[in-house]
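Colleague: Just final12.cif, nothing more (mmCIF, C-alpha atoms):
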```cif
data_my_file
#
loop_
_atom_site.label_atom_id
_atom_site.label_comp_id
_atom_site.auth_asym_id
_atom_site.auth_seq_id
_atom_site.Cartn_x
_atom_site.Cartn_y
_atom_site.Cartn_z
CA LEU A 25 14.37 1.00 -9.68
CA ALA A 26 11.82 2.83 -11.82
CA VAL A 27 13.50 6.16 -11.05
CA GLY A 28 16.85 4.72 -12.05
CA ARG A 29 15.46 3.43 -15.35
CA ASP A 30 13.91 6.83 -16.07
CA GLN A 31 17.21 8.59 -15.43
CA ARG A 32 19.09 6.19 -17.70
CA LEU A 33 16.49 6.68 -20.43
CA VAL A 34 16.76 10.47 -20.16
CA GLN A 35 20.54 10.21 -20.38
CA ARG A 36 20.36 8.04 -23.51
CA LEU A 37 17.93 10.47 -25.16
CA LEU A 38 20.22 13.39 -24.37
CA GLN A 39 23.20 11.50 -25.78
CA ALA A 40 21.18 10.88 -28.96
CA GLY A 41 20.64 14.59 -29.45
CA GLY A 42 17.50 15.26 -27.44
CA VAL A 43 17.11 18.48 -25.48
CA ARG A 44 15.37 19.25 -22.23
CA GLN A 45 12.31 21.46 -22.60
CA LYS A 46 13.82 24.05 -20.27
CA ASP A 47 16.81 24.28 -22.61
CA VAL A 48 14.67 25.08 -25.66
CA PRO A 49 14.96 28.81 -26.36
CA SER A 50 11.71 30.76 -26.45
CA LEU A 51 10.82 32.08 -29.88
CA ASP A 52 9.33 35.40 -30.85
CA PRO A 53 6.24 35.33 -33.10
CA ASP A 54 8.20 36.01 -36.30
CA GLU A 55 10.61 33.15 -35.59
CA ARG A 56 7.74 30.80 -34.79
CA SER A 57 5.93 31.77 -37.99
CA ALA A 58 9.08 31.19 -40.03
CA LEU A 59 9.52 27.75 -38.47
CA PHE A 60 5.93 26.85 -39.25
CA GLU A 61 6.31 27.97 -42.85
CA SER A 62 9.42 25.81 -43.21
CA ALA A 63 7.60 22.82 -41.75
CA ALA A 64 4.58 23.36 -44.01
CA ASP A 65 6.92 23.49 -47.02
CA ALA A 66 8.45 20.20 -45.88
CA VAL A 67 5.03 18.54 -45.66
CA ALA A 68 3.98 19.77 -49.09
CA SER A 69 7.25 18.79 -50.77
CA GLY A 70 7.65 15.46 -49.00
CA ASP A 71 10.91 16.48 -47.30
CA ILE A 72 10.47 14.15 -44.35
CA LYS A 73 14.08 14.56 -43.17
CA THR A 74 13.67 18.31 -42.78
CA LEU A 75 10.25 17.90 -41.16
CA ARG A 76 11.60 15.38 -38.64
CA GLY A 77 14.51 17.66 -37.79
CA LEU A 78 12.22 20.66 -37.27
CA LEU A 79 9.95 18.62 -34.99
CA ASP A 80 12.94 17.22 -33.10
CA ARG A 81 14.21 20.71 -32.35
CA ASN A 82 10.79 22.31 -31.89
CA PRO A 83 8.28 19.70 -30.60
CA ASP A 84 5.59 22.34 -30.10
CA LEU A 85 5.40 22.81 -33.87
CA ILE A 86 3.06 19.83 -33.98
CA HIS A 87 0.43 21.93 -32.16
CA ALA A 88 1.24 25.24 -33.87
CA ARG A 89 -1.08 26.95 -36.31
CA SER A 90 -0.37 28.88 -39.45
CA PRO A 91 -0.36 32.67 -39.03
CA ARG A 92 -2.55 32.80 -42.15
CA PRO A 93 -6.31 33.35 -41.78
CA HIS A 94 -7.10 29.64 -42.25
CA ARG A 95 -5.12 28.80 -39.08
CA ALA A 96 -4.26 25.32 -40.36
CA MET A 97 -1.98 23.00 -38.44
CA LEU A 98 0.71 20.88 -40.11
CA ILE A 99 -1.59 17.85 -40.15
CA HIS A 100 -4.12 19.81 -42.23
CA TYR A 101 -1.56 20.25 -45.01
CA ILE A 102 -1.74 16.48 -45.54
CA GLY A 103 -5.21 17.09 -46.99
CA ALA A 104 -3.69 19.14 -49.85
CA ASN A 105 -6.86 21.17 -50.00
CA GLY A 106 -7.77 24.82 -49.45
CA VAL A 107 -4.36 25.95 -48.20
CA GLU A 108 -1.88 27.95 -50.26
CA GLU A 109 -2.07 26.84 -53.89
CA GLU A 110 1.59 25.93 -54.13
CA ARG A 111 1.19 23.64 -51.10
CA GLN A 112 -1.80 21.76 -52.46
CA ARG A 113 0.33 18.77 -53.39
CA THR A 114 0.50 15.12 -52.36
CA PRO A 115 4.10 13.87 -52.39
CA HIS A 116 4.93 10.21 -52.96
CA ASN A 117 5.70 9.70 -49.26
CA ALA A 118 2.56 11.37 -47.94
CA VAL A 119 1.63 8.27 -45.92
CA ALA A 120 4.98 8.33 -44.10
CA LEU A 121 4.58 12.07 -43.49
CA THR A 122 1.15 11.44 -41.97
CA GLN A 123 2.53 8.69 -39.74
CA LEU A 124 5.31 10.98 -38.53
CA LEU A 125 2.88 13.77 -37.65
CA VAL A 126 0.59 11.33 -35.84
CA GLU A 127 3.51 9.81 -33.92
CA ARG A 128 4.57 13.28 -32.80
CA GLY A 129 1.15 13.97 -31.34
CA ALA A 130 -0.86 15.69 -34.07
CA ASP A 131 -4.56 16.01 -33.28
CA VAL A 132 -6.24 14.13 -36.13
CA ASN A 133 -9.61 15.67 -35.25
CA ALA A 134 -8.36 19.25 -35.02
CA THR A 135 -10.31 21.76 -37.07
CA CYS A 136 -9.17 24.87 -38.91
CA ALA A 137 -10.90 27.83 -40.56
CA LEU A 138 -10.78 26.54 -44.14
CA TYR A 139 -14.06 26.48 -46.08
CA GLY A 140 -15.90 28.50 -43.49
CA GLY A 141 -14.48 26.73 -40.45
CA GLY A 142 -14.68 23.31 -38.89
CA ALA A 143 -12.50 21.64 -41.54
CA THR A 144 -10.68 18.50 -40.40
CA THR A 145 -7.76 16.73 -42.02
CA MET A 146 -10.02 13.84 -42.98
CA GLY A 147 -12.58 16.14 -44.54
CA LEU A 148 -9.91 17.99 -46.52
CA LEU A 149 -8.30 14.73 -47.61
CA LEU A 150 -11.49 13.11 -48.86
CA THR A 151 -12.49 16.15 -50.92
CA SER A 152 -9.11 16.77 -52.55
CA ILE A 153 -8.16 15.45 -55.98
CA HIS A 154 -4.43 15.38 -55.22
CA PRO A 155 -4.31 12.40 -52.80
CA LEU A 156 -6.69 10.53 -55.11
CA ARG A 157 -4.49 11.10 -58.15
CA ALA A 158 -1.42 10.13 -56.15
CA GLY A 159 -3.09 6.85 -55.24
CA VAL A 160 -2.60 7.29 -51.49
CA ARG A 161 -5.92 8.70 -50.30
CA LEU A 162 -7.10 5.42 -48.77
CA ALA A 163 -3.74 4.71 -47.10
CA ILE A 164 -3.61 8.20 -45.55
CA ALA A 165 -7.19 7.92 -44.39
CA GLU A 166 -6.41 4.59 -42.73
CA VAL A 167 -3.54 6.15 -40.79
CA LEU A 168 -5.87 8.91 -39.60
CA LEU A 169 -8.63 6.46 -38.69
CA GLN A 170 -6.21 4.21 -36.81
CA ALA A 171 -5.16 7.30 -34.86
CA GLY A 172 -8.75 8.01 -33.84
CA ALA A 173 -10.04 10.30 -36.58
CA CYS A 174 -13.82 10.55 -36.58
CA LEU A 175 -16.07 10.56 -39.63
CA ASP A 176 -19.56 11.20 -38.31
CA SER A 177 -19.22 9.96 -34.75
CA PRO A 178 -18.63 12.30 -31.78
CA ARG A 179 -15.03 13.38 -31.30
CA GLY A 180 -13.04 10.71 -29.54
CA VAL A 181 -15.78 8.10 -29.85
CA PRO A 182 -15.20 6.23 -33.15
CA GLY A 183 -18.23 4.12 -33.98
CA LEU A 184 -20.04 2.35 -36.79
CA SER A 185 -18.91 4.54 -39.68
CA GLU A 186 -15.28 4.39 -38.62
CA ALA A 187 -15.34 0.60 -38.28
CA ALA A 188 -17.05 0.36 -41.69
CA ALA A 189 -14.46 2.62 -43.33
CA LEU A 190 -11.63 0.51 -41.92
CA GLY A 191 -13.30 -2.67 -43.13
CA ARG A 192 -13.42 -4.17 -39.65
CA ILE A 193 -16.37 -6.43 -40.31
CA ASP A 194 -16.23 -8.15 -36.90
CA ASP A 195 -16.36 -4.76 -35.17
CA VAL A 196 -19.23 -3.71 -37.43
CA LYS A 197 -21.16 -6.87 -36.52
CA THR A 198 -20.51 -6.30 -32.81
CA LEU A 199 -21.63 -2.68 -33.02
CA LEU A 200 -24.75 -3.59 -34.99
CA ALA A 201 -25.67 -6.22 -32.40
CA GLY A 202 -24.95 -3.96 -29.45
CA LYS A 203 -27.57 -1.25 -30.00
CA ALA A 204 -30.40 -0.13 -32.21
CA TRP A 205 -29.06 1.98 -35.06
CA THR A 206 -31.15 4.39 -37.06
CA LYS A 207 -31.59 3.99 -40.81
CA ARG A 208 -29.59 7.18 -41.24
CA GLN A 209 -26.63 5.81 -39.23
CA ILE A 210 -26.62 2.55 -41.17
CA GLN A 211 -26.81 4.42 -44.47
CA SER A 212 -23.93 6.68 -43.46
CA ALA A 213 -21.76 3.69 -42.52
CA PHE A 214 -22.71 2.11 -45.86
CA MET A 215 -21.59 5.21 -47.77
CA TRP A 216 -18.23 5.23 -45.99
CA ALA A 217 -17.76 1.53 -46.66
CA CYS A 218 -18.46 2.13 -50.36
CA GLY A 219 -16.02 5.02 -50.51
CA PHE A 220 -13.30 2.91 -48.90
CA GLY A 221 -14.00 -0.18 -50.98
CA ARG A 222 -14.97 -2.44 -48.05
CA THR A 223 -17.08 -4.83 -50.08
CA ARG A 224 -17.90 -7.34 -47.32
CA VAL A 225 -19.03 -4.53 -45.03
CA VAL A 226 -21.08 -3.01 -47.87
CA GLU A 227 -22.90 -6.30 -48.39
CA LEU A 228 -23.52 -6.71 -44.65
CA LEU A 229 -24.96 -3.19 -44.34
CA LEU A 230 -27.20 -3.76 -47.36
CA GLU A 231 -28.61 -6.78 -45.52
CA MET A 232 -29.17 -4.51 -42.50
CA GLY A 233 -31.26 -2.05 -44.48
CA ALA A 234 -28.86 0.26 -46.31
CA SER A 235 -30.10 1.39 -49.71
CA VAL A 236 -28.34 1.51 -53.09
CA ARG A 237 -30.85 4.15 -54.20
CA GLU A 238 -30.59 6.68 -51.39
CA GLN A 239 -28.65 9.87 -52.08
CA ASP A 240 -26.83 11.95 -49.47
CA GLY A 241 -26.87 15.73 -49.19
CA ASN A 242 -24.66 16.03 -52.26
CA GLY A 243 -26.71 13.59 -54.28
CA GLN A 244 -24.12 10.86 -53.87
CA THR A 245 -25.13 7.19 -53.81
CA GLY A 246 -22.96 4.33 -52.66
CA LEU A 247 -22.23 3.62 -56.32
CA HIS A 248 -21.02 7.17 -56.86
CA ALA A 249 -18.69 6.82 -53.87
CA ALA A 250 -17.27 3.46 -54.93
CA ALA A 251 -16.81 4.47 -58.56
CA LEU A 252 -15.14 7.77 -57.68
CA ALA A 253 -12.51 5.95 -55.63
CA GLY A 254 -12.04 3.22 -58.25
CA HIS A 255 -13.14 0.28 -56.11
CA LEU A 256 -14.06 -2.18 -58.86
CA GLU A 257 -15.11 -5.12 -56.68
CA THR A 258 -17.39 -2.88 -54.63
CA VAL A 259 -18.92 -1.46 -57.81
CA LYS A 260 -19.58 -5.00 -59.05
CA ALA A 261 -21.23 -5.94 -55.75
CA LEU A 262 -23.45 -2.87 -55.89
CA LEU A 263 -24.44 -3.48 -59.52
CA LYS A 264 -25.84 -6.88 -58.50
CA ARG A 265 -28.42 -4.93 -56.47
CA GLU A 266 -29.54 -3.09 -59.63
CA PRO A 267 -28.97 0.47 -58.43
CA PRO A 268 -30.26 3.31 -60.62
CA LEU A 269 -27.44 4.36 -62.94
CA GLU A 270 -28.89 7.69 -64.04
CA LEU A 271 -28.94 9.47 -60.66
CA ARG A 272 -26.97 12.70 -60.64
CA ASN A 273 -25.05 14.26 -57.78
CA VAL A 274 -24.62 18.02 -57.35
CA TRP A 275 -21.58 17.98 -59.59
#
```
Please express what this file holds, its structure, as C-alpha coordinates.
Modeller:
Amino acid sequence: LAVGRDQRLVQRLLQAGGVRQKDVPSLDPDERSALFESAADAVASGDIKTLRGLLDRNPDLIHARSPRPHRAMLIHYIGANGVEEERQRTPHNAVALTQLLVERGADVNATCALYGGGATTMGLLLTSIHPLRAGVRLAIAEVLLQAGACLDSPRGVPGLSEAAALGRIDDVKTLLAGKAWTKRQIQSAFMWACGFGRTRVVELLLEMGASVREQDGNGQTGLHAAALAGHLETVKALLKREPPLELRNVW
(Lines of atoms letter the chains of each structure in order from A and count residues from 1; the text may use other names and numbers.)
(Lines give C-alpha, C1' and ligand atoms only; values in the text may rest on other atoms or scores of the structure.)
Protein backbone atom coordinates (compact mmCIF):
# COMPACT_ATOMS: atom_id res chain seq x y z
CA LEU A 1 0.00 0.00 0.00
CA ALA A 2 2.81 2.40 0.87
CA VAL A 3 4.44 1.79 -2.52
CA GLY A 4 1.15 2.48 -4.25
CA ARG A 5 0.71 5.75 -2.36
CA ASP A 6 4.25 6.81 -3.25
CA GLN A 7 3.65 6.11 -6.93
CA ARG A 8 0.40 8.09 -6.92
CA LEU A 9 2.15 10.99 -5.18
CA VAL A 10 4.96 10.98 -7.74
CA GLN A 11 2.41 10.97 -10.55
CA ARG A 12 0.54 13.94 -9.07
CA LEU A 13 3.78 15.89 -8.66
CA LEU A 14 4.73 15.18 -12.27
CA GLN A 15 1.28 16.29 -13.43
CA ALA A 16 1.75 19.52 -11.46
CA GLY A 17 4.94 20.31 -13.34
CA GLY A 18 7.58 18.53 -11.29
CA VAL A 19 10.52 16.84 -12.98
CA ARG A 20 12.50 13.75 -12.09
CA GLN A 21 16.08 14.45 -11.07
CA LYS A 22 17.38 12.24 -13.85
CA ASP A 23 15.50 14.41 -16.34
CA VAL A 24 17.16 17.63 -15.16
CA PRO A 25 19.84 18.59 -17.70
CA SER A 26 23.36 18.99 -16.35
CA LEU A 27 24.62 22.56 -16.48
CA ASP A 28 28.05 23.85 -17.36
CA PRO A 29 29.70 26.25 -14.89
CA ASP A 30 28.72 29.38 -16.85
CA GLU A 31 25.07 28.33 -16.96
CA ARG A 32 25.08 27.53 -13.26
CA SER A 33 26.66 30.89 -12.44
CA ALA A 34 24.07 32.70 -14.54
CA LEU A 35 21.26 30.88 -12.76
CA PHE A 36 22.70 31.78 -9.38
CA GLU A 37 23.01 35.42 -10.37
CA SER A 38 19.37 35.46 -11.48
CA ALA A 39 18.29 33.89 -8.19
CA ALA A 40 20.37 36.35 -6.16
CA ASP A 41 18.75 39.22 -8.07
CA ALA A 42 15.34 37.77 -7.24
CA VAL A 43 16.18 37.62 -3.53
CA ALA A 44 17.47 41.18 -3.47
CA SER A 45 14.53 42.60 -5.43
CA GLY A 46 11.84 40.57 -3.67
CA ASP A 47 10.79 38.77 -6.86
CA ILE A 48 9.50 35.69 -5.08
CA LYS A 49 7.70 34.34 -8.16
CA THR A 50 10.92 34.24 -10.16
CA LEU A 51 12.86 32.79 -7.23
CA ARG A 52 10.29 30.03 -6.73
CA GLY A 53 10.36 29.18 -10.42
CA LEU A 54 14.16 29.01 -10.49
CA LEU A 55 14.17 26.72 -7.45
CA ASP A 56 11.41 24.57 -8.93
CA ARG A 57 13.43 24.00 -12.08
CA ASN A 58 16.83 23.85 -10.39
CA PRO A 59 16.45 22.52 -6.81
CA ASP A 60 20.22 22.37 -6.33
CA LEU A 61 20.36 26.17 -6.47
CA ILE A 62 19.47 26.19 -2.78
CA HIS A 63 22.90 24.68 -2.03
CA ALA A 64 24.83 26.57 -4.71
CA ARG A 65 27.38 29.26 -3.95
CA SER A 66 28.15 32.48 -5.70
CA PRO A 67 31.15 32.34 -8.06
CA ARG A 68 32.32 35.58 -6.42
CA PRO A 69 35.10 35.47 -3.81
CA HIS A 70 32.65 35.71 -0.90
CA ARG A 71 31.06 32.38 -1.93
CA ALA A 72 27.69 33.36 -0.44
CA MET A 73 24.64 31.15 -0.80
CA LEU A 74 21.17 32.50 -1.59
CA ILE A 75 20.22 32.46 2.09
CA HIS A 76 23.13 34.81 2.87
CA TYR A 77 21.64 37.47 0.58
CA ILE A 78 18.75 37.73 3.06
CA GLY A 79 21.24 39.41 5.40
CA ALA A 80 21.64 42.33 2.94
CA ASN A 81 25.17 42.80 4.18
CA GLY A 82 28.63 42.57 2.63
CA VAL A 83 27.53 41.21 -0.75
CA GLU A 84 27.37 43.27 -3.93
CA GLU A 85 26.29 46.81 -3.09
CA GLU A 86 23.29 46.78 -5.41
CA ARG A 87 22.03 43.62 -3.67
CA GLN A 88 22.28 45.00 -0.16
CA ARG A 89 18.55 45.59 0.03
CA THR A 90 15.68 44.30 2.14
CA PRO A 91 12.48 44.03 0.10
CA HIS A 92 9.06 44.29 1.72
CA ASN A 93 8.52 40.53 1.43
CA ALA A 94 11.89 39.51 2.85
CA VAL A 95 10.23 37.33 5.51
CA ALA A 96 8.36 35.33 2.84
CA LEU A 97 11.59 35.01 0.84
CA THR A 98 13.36 33.65 3.91
CA GLN A 99 10.56 31.16 4.53
CA LEU A 100 10.74 29.96 0.94
CA LEU A 101 14.50 29.42 1.11
CA VAL A 102 14.18 27.57 4.42
CA GLU A 103 11.37 25.39 3.07
CA ARG A 104 13.53 24.46 0.08
CA GLY A 105 16.31 23.25 2.34
CA ALA A 106 18.64 26.21 2.86
CA ASP A 107 21.24 25.65 5.56
CA VAL A 108 20.56 28.45 8.05
CA ASN A 109 23.92 27.87 9.74
CA ALA A 110 25.96 27.83 6.53
CA THR A 111 28.95 30.16 6.50
CA CYS A 112 30.50 32.16 3.69
CA ALA A 113 33.73 34.11 3.21
CA LEU A 114 32.32 37.58 3.92
CA TYR A 115 34.12 39.69 6.53
CA GLY A 116 37.07 37.36 6.72
CA GLY A 117 35.09 34.13 6.70
CA GLY A 118 32.68 32.33 8.98
CA ALA A 119 29.79 34.73 8.30
CA THR A 120 26.32 33.26 8.82
CA THR A 121 22.99 34.58 7.63
CA MET A 122 22.03 35.46 11.19
CA GLY A 123 25.27 37.33 11.78
CA LEU A 124 24.88 39.28 8.54
CA LEU A 125 21.24 40.03 9.30
CA LEU A 126 21.83 41.35 12.80
CA THR A 127 24.64 43.67 11.70
CA SER A 128 22.89 45.15 8.67
CA ILE A 129 20.96 48.41 8.74
CA HIS A 130 18.67 47.44 5.85
CA PRO A 131 16.49 44.81 7.61
CA LEU A 132 16.28 47.11 10.63
CA ARG A 133 15.09 50.06 8.56
CA ALA A 134 12.62 47.82 6.75
CA GLY A 135 11.17 46.77 10.10
CA VAL A 136 11.56 43.04 9.43
CA ARG A 137 14.82 42.14 11.17
CA LEU A 138 13.12 40.45 14.12
CA ALA A 139 10.65 38.54 11.93
CA ILE A 140 13.43 37.25 9.66
CA ALA A 141 15.54 36.27 12.65
CA GLU A 142 12.60 34.34 14.10
CA VAL A 143 12.22 32.35 10.87
CA LEU A 144 15.93 31.50 10.99
CA LEU A 145 15.80 30.58 14.67
CA GLN A 146 12.72 28.41 14.18
CA ALA A 147 14.67 26.63 11.43
CA GLY A 148 17.53 25.87 13.80
CA ALA A 149 19.87 28.83 13.40
CA CYS A 150 22.40 29.06 16.21
CA LEU A 151 23.51 32.23 17.98
CA ASP A 152 26.29 31.16 20.31
CA SER A 153 25.43 27.51 20.81
CA PRO A 154 27.17 24.68 18.90
CA ARG A 155 25.84 24.08 15.41
CA GLY A 156 22.69 22.02 15.50
CA VAL A 157 22.31 22.30 19.27
CA PRO A 158 20.19 25.41 19.97
CA GLY A 159 20.33 26.26 23.65
CA LEU A 160 19.81 29.03 26.18
CA SER A 161 20.56 32.00 23.94
CA GLU A 162 18.30 30.73 21.18
CA ALA A 163 15.41 30.13 23.57
CA ALA A 164 15.96 33.60 25.07
CA ALA A 165 15.98 35.25 21.64
CA LEU A 166 12.71 33.53 20.72
CA GLY A 167 11.15 34.60 24.00
CA ARG A 168 10.36 31.03 25.02
CA ILE A 169 10.37 31.69 28.74
CA ASP A 170 9.24 28.17 29.70
CA ASP A 171 12.13 26.70 27.70
CA VAL A 172 14.52 29.19 29.30
CA LYS A 173 13.32 28.16 32.77
CA THR A 174 13.70 24.47 31.90
CA LEU A 175 17.20 25.00 30.54
CA LEU A 176 18.24 27.07 33.56
CA ALA A 177 16.99 24.36 35.90
CA GLY A 178 18.58 21.54 33.94
CA LYS A 179 22.26 22.43 34.31
CA ALA A 180 24.68 24.88 35.85
CA TRP A 181 25.24 27.79 33.48
CA THR A 182 28.24 30.07 33.63
CA LYS A 183 27.85 33.80 34.22
CA ARG A 184 29.07 34.34 30.68
CA GLN A 185 26.36 32.08 29.21
CA ILE A 186 23.62 33.78 31.22
CA GLN A 187 24.91 37.21 30.21
CA SER A 188 24.99 36.21 26.55
CA ALA A 189 21.39 34.93 26.69
CA PHE A 190 20.44 38.20 28.42
CA MET A 191 21.99 40.25 25.63
CA TRP A 192 20.10 38.29 22.98
CA ALA A 193 16.85 38.67 24.90
CA CYS A 194 17.42 42.44 25.08
CA GLY A 195 18.15 42.66 21.37
CA PHE A 196 14.98 40.75 20.54
CA GLY A 197 12.81 42.64 23.01
CA ARG A 198 11.91 39.61 25.17
CA THR A 199 11.16 41.58 28.31
CA ARG A 200 9.95 38.70 30.51
CA VAL A 201 13.05 36.68 29.66
CA VAL A 202 15.24 39.74 30.32
CA GLU A 203 13.75 40.12 33.79
CA LEU A 204 14.16 36.40 34.52
CA LEU A 205 17.82 36.42 33.47
CA LEU A 206 18.48 39.51 35.59
CA GLU A 207 17.16 37.55 38.56
CA MET A 208 19.56 34.74 37.60
CA GLY A 209 22.59 37.00 37.71
CA ALA A 210 22.74 38.86 34.40
CA SER A 211 24.08 42.40 34.68
CA VAL A 212 22.78 45.66 33.22
CA ARG A 213 26.29 47.10 33.56
CA GLU A 214 28.36 44.48 31.78
CA GLN A 215 29.60 45.28 28.28
CA ASP A 216 30.33 42.73 25.56
CA GLY A 217 33.34 42.73 23.25
CA ASN A 218 31.94 45.68 21.33
CA GLY A 219 31.10 47.64 24.45
CA GLN A 220 27.41 46.89 24.12
CA THR A 221 25.18 46.62 27.18
CA GLY A 222 21.70 45.14 27.25
CA LEU A 223 20.36 48.70 27.12
CA HIS A 224 22.34 49.41 23.97
CA ALA A 225 20.90 46.29 22.36
CA ALA A 226 17.30 47.01 23.32
CA ALA A 227 17.48 50.68 22.34
CA LEU A 228 19.10 49.95 18.98
CA ALA A 229 16.25 47.63 18.04
CA GLY A 230 13.58 50.02 19.37
CA HIS A 231 12.16 47.73 22.05
CA LEU A 232 10.55 50.35 24.30
CA GLU A 233 9.11 48.02 26.95
CA THR A 234 12.46 46.26 27.35
CA VAL A 235 14.22 49.62 27.67
CA LYS A 236 11.74 50.64 30.38
CA ALA A 237 12.33 47.38 32.26
CA LEU A 238 16.09 47.87 32.10
CA LEU A 239 15.89 51.49 33.26
CA LYS A 240 14.19 50.31 36.46
CA ARG A 241 17.49 48.57 37.27
CA GLU A 242 19.33 51.92 37.02
CA PRO A 243 21.87 50.95 34.36
CA PRO A 244 24.68 53.40 33.61
CA LEU A 245 23.56 55.64 30.75
CA GLU A 246 26.95 57.05 29.83
CA LEU A 247 28.68 53.82 28.77
CA ARG A 248 29.99 53.92 25.21
CA ASN A 249 30.28 51.08 22.74
CA VAL A 250 32.99 50.90 20.07
CA TRP A 251 30.88 52.95 17.71
Colleague: Using the chain letters and numbers from the file, which residues does the PyMOL selection byres ((chain A and resi 200-209) around 10) grab, as a PyMOL selection string?
Modeller: chain A and resi 176-177+184-185+194-199+210-215+229+232-235+240
Colleague: Can you give me, as a ChimeraX atom specification, the residues this file yields under the PyMOL selection byres ((chain A and resi 133-136) around 7)?
Modeller: /A:94-96,131-132,137-138,141-144,173-174
Colleague: Which value, in Å to one decimal, gives the distance between atom CA of Asn105 of chain A and atom CA of Leu149 of chain A?
Modeller: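 Separating atom CA of Asn105 of chain A from atom CA of Leu149 of chain A is a distance of 7.0 Å.
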Colleague: Which neighbours of Arg113 of chain A fall inside 7 Å, counting only C-alpha atoms, when residues of the same chain fewer than 6 positions from it are skipped, and could you give them as number ranges by chain?
Modeller: A: 68, 104, 154
Colleague: Please provide as a list in words all residues within 9 Å of segment 71-76 of chain A, with the sequence filter that same-chain residues fewer than 2 positions apart are discarded (counting all atoms listed in the file).
Modeller: Ser62, Ala63, Ala64, Asp65, Ala66, Val67, Ala68, Ser69, Leu78, Leu79, Asp80, Arg81, Pro115, Asn117, Ala120, Leu121, Leu124 and Leu125 of chain A
Colleague: Please identify all polymer residues within 10 Å of Leu150 of chain A, counting all atoms listed in the file, omitting same-chain residues fewer than 3 positions from it, and present them as a PDB file with C-alpha atoms, keeping the file's coordinate frame.
Modeller:
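out_24.pdb was written with the following content:
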```pdb
ATOM      1  CA  GLY A 103      -5.210  17.090 -46.990  1.00  0.00           C
ATOM      2  CA  ALA A 104      -3.690  19.140 -49.850  1.00  0.00           C
ATOM      3  CA  ASN A 105      -6.860  21.170 -50.000  1.00  0.00           C
ATOM      4  CA  THR A 145      -7.760  16.730 -42.020  1.00  0.00           C
ATOM      5  CA  MET A 146     -10.020  13.840 -42.980  1.00  0.00           C
ATOM      6  CA  GLY A 147     -12.580  16.140 -44.540  1.00  0.00           C
ATOM      7  CA  ILE A 153      -8.160  15.450 -55.980  1.00  0.00           C
ATOM      8  CA  HIS A 154      -4.430  15.380 -55.220  1.00  0.00           C
ATOM      9  CA  PRO A 155      -4.310  12.400 -52.800  1.00  0.00           C
ATOM     10  CA  LEU A 156      -6.690  10.530 -55.110  1.00  0.00           C
ATOM     11  CA  ARG A 161      -5.920   8.700 -50.300  1.00  0.00           C
ATOM     12  CA  LEU A 162      -7.100   5.420 -48.770  1.00  0.00           C
ATOM     13  CA  ILE A 164      -3.610   8.200 -45.550  1.00  0.00           C
ATOM     14  CA  ALA A 165      -7.190   7.920 -44.390  1.00  0.00           C
ATOM     15  CA  GLY A 219     -16.020   5.020 -50.510  1.00  0.00           C
ATOM     16  CA  ALA A 253     -12.510   5.950 -55.630  1.00  0.00           C
TER      17      ALA A 253
END
```
Colleague: Translate the PyMOL selection byres ((chain A and resi 254) around 12), as applied to the file shown, into an explicit residue set as a PyMOL selection string.
Modeller: chain A and resi 156-157+159+161-162+218-221+247-253+255-260
Colleague: To one decimal place in Å, what is the distance between atom CA of Gln112 of chain A and atom CA of Phe60 of chain A?
Modeller: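 Distance between the two atoms: 16.1 Å.
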Colleague: Can you measure atom CA of Leu169 of chain A to atom CA of Ala189 of chain A for me? One decimal in Å is fine.
Modeller: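 For atom CA of Leu169 of chain A relative to atom CA of Ala189 of chain A, the distance reads 8.4 Å.
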Colleague: Select, from A:Val226, A:Asn82, A:Ser57, A:Gly106, the residue with the minimum atom-to-atom distance to Gly140 of chain A, counting all atoms listed in the file.
Modeller: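 Closest candidate: A:Gly106.
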Colleague: For a quick check of understanding, using all atoms listed in the file, which of A:Ser152, A:Asn242, A:Gln123, A:Asn273 has the smallest distance to Leu168 of chain A?
Modeller: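 Residue with the minimum atom-to-atom distance to Leu168 of chain A: A:Gln123.
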Colleague: Which residue is closest to Gly172 of chain A? Choose from A:Val126, A:Val160, A:Leu148, A:Leu85 and count only C-alpha atoms.
Modeller: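 Closest candidate: A:Val126.
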Colleague: Looking at A:Glu61, A:Val236, A:Ile86, A:Ala158, which one is nearest to Arg111 of chain A, with distances taken over only C-alpha atoms?
Modeller: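 Checking each of A:Glu61, A:Val236, A:Ile86, A:Ala158 against Arg111 of chain A, counting only C-alpha atoms, the winner is A:Glu61.
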